[in-house]
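As provided, coords.cif (mmCIF, C-alpha atoms and all ligand atoms) reads as follows.
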data_work
loop_
_atom_site.label_atom_id
_atom_site.label_comp_id
_atom_site.auth_asym_id
_atom_site.auth_seq_id
_atom_site.Cartn_x
_atom_site.Cartn_y
_atom_site.Cartn_z
CA MET A 8 36.07 -22.97 3.63
CA THR A 9 35.65 -20.22 6.22
CA ASN A 10 36.08 -17.63 3.50
CA PHE A 11 33.31 -19.29 1.53
CA LYS A 12 30.99 -19.14 4.58
CA ILE A 13 31.70 -15.44 5.04
CA PHE A 14 31.04 -14.89 1.33
CA ALA A 15 27.75 -16.84 1.49
CA VAL A 16 26.56 -14.91 4.55
CA THR A 17 27.46 -11.59 2.91
CA VAL A 18 25.55 -12.50 -0.25
CA ALA A 19 22.51 -13.61 1.79
CA ALA A 20 22.57 -10.42 3.89
CA THR A 21 22.75 -8.31 0.73
CA PHE A 22 19.70 -10.02 -0.73
CA ILE A 23 17.78 -9.66 2.50
CA SER A 24 18.54 -5.93 2.76
CA LEU A 25 17.73 -5.39 -0.93
CA SER A 26 14.33 -7.04 -0.64
CA ALA A 27 13.63 -5.12 2.58
CA ALA A 28 14.42 -1.86 0.77
CA GLN A 29 11.93 -2.66 -1.98
CA ALA A 30 9.01 -3.64 0.23
CA GLY A 31 6.80 -0.73 1.24
CA ASP A 32 6.88 0.70 4.76
CA ALA A 33 3.35 0.78 6.22
CA GLU A 34 4.18 3.50 8.79
CA LYS A 35 5.56 5.84 6.13
CA GLY A 36 2.64 4.88 3.89
CA LYS A 37 0.15 6.03 6.51
CA ALA A 38 1.80 9.47 6.68
CA THR A 39 2.00 9.73 2.88
CA PHE A 40 -1.64 8.66 2.46
CA ILE A 41 -2.58 11.66 4.63
CA HIS A 42 0.05 14.10 3.33
CA LYS A 43 -0.85 13.54 -0.35
CA GLY A 44 -4.59 13.84 0.29
CA CYS A 45 -5.69 10.26 -0.56
CA TYR A 46 -7.56 10.20 2.77
CA GLU A 47 -9.82 13.05 1.69
CA CYS A 48 -11.72 10.78 -0.66
CA HIS A 49 -10.80 7.28 0.55
CA GLY A 50 -10.96 7.81 4.36
CA PHE A 51 -8.08 7.75 6.89
CA GLU A 52 -7.98 3.94 6.93
CA GLY A 53 -8.69 3.61 3.21
CA GLN A 54 -12.11 2.40 4.32
CA GLY A 55 -13.90 4.36 1.61
CA GLY A 56 -15.86 7.58 1.85
CA SER A 57 -18.44 9.58 -0.01
CA ALA A 58 -16.03 10.33 -2.88
CA GLY A 59 -13.62 7.38 -3.08
CA LEU A 60 -14.13 3.65 -2.73
CA ARG A 61 -12.58 1.27 -0.20
CA LEU A 62 -8.85 0.69 -0.70
CA SER A 63 -7.77 -1.17 2.45
CA ASN A 64 -6.99 -4.86 1.76
CA THR A 65 -7.41 -4.11 -1.95
CA GLN A 66 -7.37 -7.08 -4.34
CA LEU A 67 -5.27 -5.01 -6.75
CA PRO A 68 -1.60 -6.02 -7.01
CA GLU A 69 0.90 -3.33 -6.07
CA ASP A 70 1.82 -2.49 -9.68
CA GLY A 71 -1.91 -2.35 -10.50
CA LEU A 72 -2.44 0.27 -7.81
CA ILE A 73 0.49 2.31 -9.08
CA ALA A 74 -0.74 2.05 -12.69
CA PHE A 75 -4.24 3.16 -11.67
CA VAL A 76 -2.99 6.18 -9.70
CA ARG A 77 -0.82 7.26 -12.65
CA GLY A 78 -3.33 6.63 -15.43
CA THR A 79 -6.83 7.26 -14.06
CA SER A 80 -8.97 9.51 -16.23
CA GLY A 81 -12.23 9.02 -14.35
CA ALA A 82 -13.55 10.60 -11.17
CA MET A 83 -10.14 10.39 -9.45
CA PRO A 84 -7.45 12.85 -10.52
CA PRO A 85 -4.21 11.20 -11.74
CA PHE A 86 -1.02 11.66 -9.66
CA SER A 87 2.22 11.78 -11.72
CA SER A 88 5.60 10.62 -10.41
CA LYS A 89 6.46 14.30 -9.80
CA ILE A 90 3.66 14.44 -7.23
CA ILE A 91 4.06 11.00 -5.66
CA SER A 92 6.92 8.55 -6.29
CA ASP A 93 6.64 4.80 -6.91
CA ALA A 94 8.36 4.23 -3.56
CA GLU A 95 5.75 6.38 -1.79
CA LEU A 96 2.98 4.41 -3.50
CA SER A 97 4.64 1.15 -2.38
CA ASP A 98 4.54 2.49 1.18
CA ILE A 99 0.85 3.37 0.75
CA TYR A 100 0.19 -0.13 -0.60
CA ALA A 101 1.87 -1.66 2.46
CA TYR A 102 -0.23 0.59 4.72
CA LEU A 103 -3.49 -0.36 2.97
CA GLN A 104 -2.63 -4.09 3.19
CA SER A 105 -1.82 -3.75 6.91
CA ARG A 106 -5.34 -2.58 7.80
CA PRO A 107 -7.50 -5.12 9.64
CA LYS A 108 -9.78 -7.15 7.42
CA PRO A 109 -13.53 -6.56 7.83
CA ALA A 110 -15.38 -8.99 10.12
CA ASP A 111 -17.06 -12.00 8.55
CA PRO A 112 -20.79 -11.02 8.35
CA LYS A 113 -21.65 -14.44 9.84
CA SER A 114 -19.84 -13.42 13.05
CA ILE A 115 -22.22 -10.44 13.51
CA PRO A 116 -25.42 -11.67 15.29
CA LEU A 117 -27.70 -9.08 13.66
CA LEU A 118 -26.61 -10.26 10.22
CA ALA A 119 -26.58 -13.97 11.03
CA ASN A 120 -30.19 -14.70 10.02
C1 LIG B 1 -10.65 13.66 -5.29
C2 LIG B 1 -10.92 12.38 -4.64
C3 LIG B 1 -9.81 11.34 -4.66
C4 LIG B 1 -8.51 11.48 -4.22
C5 LIG B 1 -7.82 12.71 -3.63
C6 LIG B 1 -7.88 10.18 -4.42
N1 LIG B 1 -8.77 9.30 -4.96
FE1 LIG B 1 -8.40 7.35 -5.47
N2 LIG B 1 -10.29 7.18 -6.25
C7 LIG B 1 -11.25 8.18 -6.23
C8 LIG B 1 -12.43 7.74 -6.96
C9 LIG B 1 -13.71 8.53 -7.18
C10 LIG B 1 -12.12 6.43 -7.43
C11 LIG B 1 -12.97 5.53 -8.35
C12 LIG B 1 -12.56 5.99 -9.74
C13 LIG B 1 -12.91 5.12 -10.88
O1 LIG B 1 -13.35 3.97 -10.68
O2 LIG B 1 -12.71 5.60 -12.03
C14 LIG B 1 -10.77 6.13 -6.95
C15 LIG B 1 -10.13 4.92 -7.18
C16 LIG B 1 -8.87 4.59 -6.69
C17 LIG B 1 -8.21 3.32 -6.91
C18 LIG B 1 -8.79 2.12 -7.68
C19 LIG B 1 -9.42 1.18 -6.68
C20 LIG B 1 -10.07 -0.02 -7.34
O3 LIG B 1 -10.24 -1.04 -6.61
O4 LIG B 1 -10.43 0.03 -8.53
C21 LIG B 1 -7.00 3.39 -6.30
C22 LIG B 1 -5.95 2.30 -6.23
C23 LIG B 1 -6.89 4.72 -5.71
N3 LIG B 1 -8.05 5.42 -5.97
C24 LIG B 1 -5.81 5.17 -4.98
C25 LIG B 1 -5.63 6.48 -4.55
C26 LIG B 1 -4.43 6.98 -3.93
C27 LIG B 1 -3.20 6.14 -3.60
C28 LIG B 1 -4.63 8.31 -3.69
C29 LIG B 1 -3.63 9.32 -3.16
C30 LIG B 1 -2.37 9.42 -3.89
C31 LIG B 1 -5.97 8.65 -4.15
N4 LIG B 1 -6.55 7.50 -4.65
C32 LIG B 1 -6.56 9.89 -4.08
C33 LIG B 1 -11.14 9.43 -5.64
C34 LIG B 1 -9.97 9.98 -5.13
#
Encoded form (structure tokens):
Amino acid sequence: MTNFKIFAVTVAATFISLSAAQAGDAEKGKATFIHKGCYECHGFEGQGGSAGLRLSNTQLPEDGLIAFVRGTSGAMPPFSSKIISDAELSDIYAYLQSRPKPADPKSIPLLAN
């Protein structure tokens, strides 16, 4: 019985560490977002700028963001996996999702009327 408990705890710990390894790291994502130049068009917080649109709290799923970055043929240059890995893009995704959400316009007195 005790052996079974140890086995069960080991299996659970393995799953927890595996899922933790797959989830992006927002701190690393912040550094990568700057290092790879995403900030130049999208702003330091992914808030959007003159060249790139808002990315923070994006509605895109993580694999949608990765697919866009790999396959864009519009105004944004594509980034291959040689330039930025899927893991780095997962970190960037976590960073963008960790940004504070914009205030509800109804909470801003000037916009309330
Ligand atoms: C040279 C400027 C530039 C750089 C650098 C840049 N982007 Fe973009 N990005 C754009 C523009 C412009 C668009 C809109 C393109 C379009 O709609 O075809 C865009 C769109 C996107 C979108 C789609 C957003 C949506 O909601 O449709 C994602 C995701 C994205 N960029 C991520 C990134 C990431 C991650 C990086 C860094 C690896 C990056 N971008 C670097 C200019 C840039």
Residues at most 9 Å from His49 in chain A, counting only C-alpha atoms, excluding those fewer than 3 positions away in the same chain, as an mmCIF file with C-alpha atoms, keeping the file's coordinate frame?
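Generated output (around-v6.cif):
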data_model
loop_
_atom_site.group_PDB
_atom_site.id
_atom_site.type_symbol
_atom_site.label_atom_id
_atom_site.label_comp_id
_atom_site.auth_asym_id
_atom_site.auth_seq_id
_atom_site.Cartn_x
_atom_site.Cartn_y
_atom_site.Cartn_z
ATOM 1 C CA CYS A 45 -5.690 10.260 -0.560
ATOM 2 C CA TYR A 46 -7.560 10.200 2.770
ATOM 3 C CA GLU A 52 -7.980 3.940 6.930
ATOM 4 C CA GLY A 53 -8.690 3.610 3.210
ATOM 5 C CA GLN A 54 -12.110 2.400 4.320
ATOM 6 C CA GLY A 55 -13.900 4.360 1.610
ATOM 7 C CA GLY A 56 -15.860 7.580 1.850
ATOM 8 C CA SER A 57 -18.440 9.580 -0.010
ATOM 9 C CA ALA A 58 -16.030 10.330 -2.880
ATOM 10 C CA GLY A 59 -13.620 7.380 -3.080
ATOM 11 C CA LEU A 60 -14.130 3.650 -2.730
ATOM 12 C CA ARG A 61 -12.580 1.270 -0.200
ATOM 13 C CA LEU A 62 -8.850 0.690 -0.700
#
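CA of Ala38 in chain A lies 21.0 Å from CA of Leu67 in chain A.
Of the residues listed (A:Ala33, A:Ala110, A:Leu103, A:Met83), A:Met83 shows the shortest atom-to-atom separation from ligand LIG 1 (chain B); distances use all atoms listed in the file.
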* What residues have an atom no more than 12 Å from (1.4, 10.3, 8.2) in the file's own frame, counting only C-alpha atoms, and can you write them as a ChimeraX atom specification? -> /A:32-46,51-52,95,98-99,102
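In terms of minimum interatomic distance to ligand LIG 1 (chain B), A:Cys48 ranks closest within A:Leu117, A:Cys48, A:Pro68, A:Ala101, counting all atoms listed in the file.
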